[in-house]
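Structure first, then comments.
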Amino acid sequence: MQTQEVYLGQDGIYTNSVGVKQLLDFYEDCKKFTDCIIHIRLDNLLWLDGNLCALLGALMFRLTHDNNLKFGMDAAEVTKKCSVLFHNDFLKIEQDIDLYKKKSSIPFKGFYPKQKDEFTDYLDNELLSHKAMPKFSPEIKEKLIDDLIEIYGNIDKHAETESPFFVCGQHFPKQEIIRFTICDLGVGFYKKIKQIKPDIIANSGDAILWAVDGNSTKPDAPGGKGLKNLHEYLSGNKGGIQIFSGDANWCSKEMAQNITMKPQGISQLKKIFAGSSISLEFNKKVLLS
Amino acid sequence: MKISVHEILKSQNASLHDDGLALYQEVKKNISKQIEDEITIDFTEIKRCSTLFLNASFGKLLAEFGEDSVRKFIHPDSYAQILNFMDKYNDMWDNFKNKSNYQAYREEAYA
């Protein structure tokens, strides 16, 4: 198999529209090739938000599936430039595990849409029980799991994909925040919501706002509060949510002071992401106070 | 009559909309036009239950058979191990009573 070199990105890849655009650029660069090995170069990269491995993993899954690509990285370069990929299990290692695992990482994992129980266990045992997380009361933890499961349910029911979805989290000790990203390779927010609300939904941005407002595409029973509840809980505790889907990017307005999750409100991504990426930010400082 | 949620779902998590619809279908299979006998919904072995699940099961039964019938004949049982079960159950009743949003969707669905 032939090998091609593709750069992952440059400077920092953060949880914002510029960072996501960089990962989508990487995807498009790789997409030019088929049936080959992509050697991922990290030369110009200074930082990658660990939680964005969910999006990176999803894009690489699609490339593997659609273009029959395999991926490789230089282990020494990863250690030097982007060791988070080892810390969070994005790149599996079987030796000296204690040396590489970091408490600040919430493991990268992929789940198929029917793996409800496995995903629930992950939320319970890996995300919400992570040492970096505030100690939630059983009631709050239960509500967060319910809301996250509802997001999962939408992937299972509405995303029209058999592909797995990917999750990953990262604790940022200096900022005292934890970010968690969940990314699927489905049809995104727009298609289903446009079908049931053709008069008021004109684009992906409208669809995201409609969903975040607590509306539901389920015609046969009330529901659809998962995103709204998460938005209220996280924003009410000085955290936030950011969503990328189609050509739109939405960030909860309360995040205006946060430099990495800007811009606030809806903005154009200037790229198309065929899927959805939802990043949650838990503000440890406020949640512990 | 007793209907086991765990037997229907083969899971300890009664969390999804589709899970709720599966319970709703099972209950429906066992009744004709009116509910005439008591039906116990058994939550033994269920560890987690979401409001979404209750909306799609009990909420849908409420919409179809009315509050009086459901209150009289359909009862959840063996749910002590499920955190906040009654809070969620009451939320489901509130969701049903707050029909404006819900009814709009139903009307669209059945139009």
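Identifiers in the structure tokens: chain A, B, ... in order shown; residue index from 1 per chain; ligand index from 1 in order shown.
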Exercise for review: as a PyMOL selection string, list the residues of segment 41-265 of chain A assigned to helix (DSSP H, G or I) by DSSP on the backbone atoms of this structure.
Suggested key: chain A and resi 50-67+75-81+84-87+97-100+116-127+138-158+190-196+204-212+226-236+253-255
Exercise for review: Tell me the residues of chain A close to chain B, meaning within 12 Å using only C-alpha atoms, as JSON, numbers by chain.
Suggested key: {"A": [113, 114, 115, 116, 117, 118, 119, 120, 121, 124, 137, 138, 139, 140, 141, 142, 143, 144, 145, 146, 147, 148, 149, 150, 151, 152, 153, 154, 155, 156, 157, 158, 195, 196, 197, 214, 215, 216, 217, 218, 219, 220, 221, 222, 223, 224, 225, 226]}
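Distances to Leu91 of chain A were evaluated for A:Ser104, A:Thr79, A:Gln170, A:Thr3 using only C-alpha atoms, and the minimum falls at A:Thr79.
Taking atom CA of Leu23 of chain A and atom CA of Ile201 of chain A as endpoints, the distance between them is 27.3 Å.
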Exercise for review: Give the strand (DSSP E) residues of segment 145-273 of chain A, as DSSP finds them on the backbone, and put them as a ChimeraX atom specification.
Suggested key: /A:165-172,177-184,240-251,265-273
Point to revise | Polymer residues at most 8 Å from Gly240 of chain A, only C-alpha atoms, same-chain spacing of 3 or more positions, as a PyMOL selection string | key: chain A and resi 231+234-235+251-252+254-255+280-282
Those selected residues, please, written with C-alpha atoms and delivered as a short mmCIF file (atom, residue, chain, number, x, y, z; two decimals), in the first residue's frame.
```cif
data_model
loop_
_atom_site.label_atom_id
_atom_site.label_comp_id
_atom_site.auth_asym_id
_atom_site.auth_seq_id
_atom_site.Cartn_x
_atom_site.Cartn_y
_atom_site.Cartn_z
CA HIS A 231 -27.87 23.74 28.17
CA LEU A 234 -24.26 23.75 32.18
CA SER A 235 -24.86 27.39 31.35
CA CYS A 251 -22.36 28.05 21.14
CA SER A 252 -24.42 28.88 24.22
CA GLU A 254 -23.30 32.37 28.27
CA MET A 255 -19.95 31.27 26.90
CA LEU A 280 -20.24 20.04 26.81
CA GLU A 281 -18.23 22.16 29.21
CA PHE A 282 -18.45 21.52 32.95
#
```
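Nearest residue to Ile40 of chain A among A:Gln4, A:Thr181, A:Ser267, A:Ser245 is A:Gln4, counting only C-alpha atoms.
Atom CA of Gln10 of chain A is found 7.0 Å from atom CA of Leu46 of chain A.
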Point to revise | Spatial neighbours of Glu36 of chain B, max dist 12 Å, only C-alpha atoms, sep filter under 5 positions, as JSON, numbers by chain | key: {"B": [1, 30, 31, 65, 68, 69, 70, 72, 73, 74]}
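Residues lying within 6 Å of Gly188 of chain A, counting only C-alpha atoms and ignoring same-chain neighbours fewer than 2 positions away, are Gly186, Tyr190, Ser245, Gly275 and Ser276 of chain A.
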Can I get the selection written as a PDB file, in the first residue's frame, with C-alpha atoms?
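File part_4.pdb, as written:
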```
ATOM      1  CA  GLY A 186     -25.425  10.776  10.815  1.00  0.00           C
ATOM      2  CA  TYR A 190     -31.239  19.776   9.631  1.00  0.00           C
ATOM      3  CA  SER A 245     -23.680  20.241  12.418  1.00  0.00           C
ATOM      4  CA  GLY A 275     -22.849  14.642  11.198  1.00  0.00           C
ATOM      5  CA  SER A 276     -23.117  16.309  14.583  1.00  0.00           C
TER       6      SER A 276
END
```
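Neighbours of Ala132 of chain A closer than or equal to 8 Å, with only C-alpha atoms counted and sequence neighbours fewer than 4 positions away skipped, come out as Lys103, Ser104, His171 and Ile178 of chain A.
If you look at atom CA of Glu162 of chain A and atom CA of Ala274 of chain A, they are 14.0 Å away from each other.
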Practice item. Excluding Ile39 of chain B and residues on its chain fewer than 2 positions from it, collect all residues at most 9 Å away from it, counting only C-alpha atoms, and give them as a VMD selection string. Key: chain B and resid 1 to 3 27 35 37 41 73 to 76
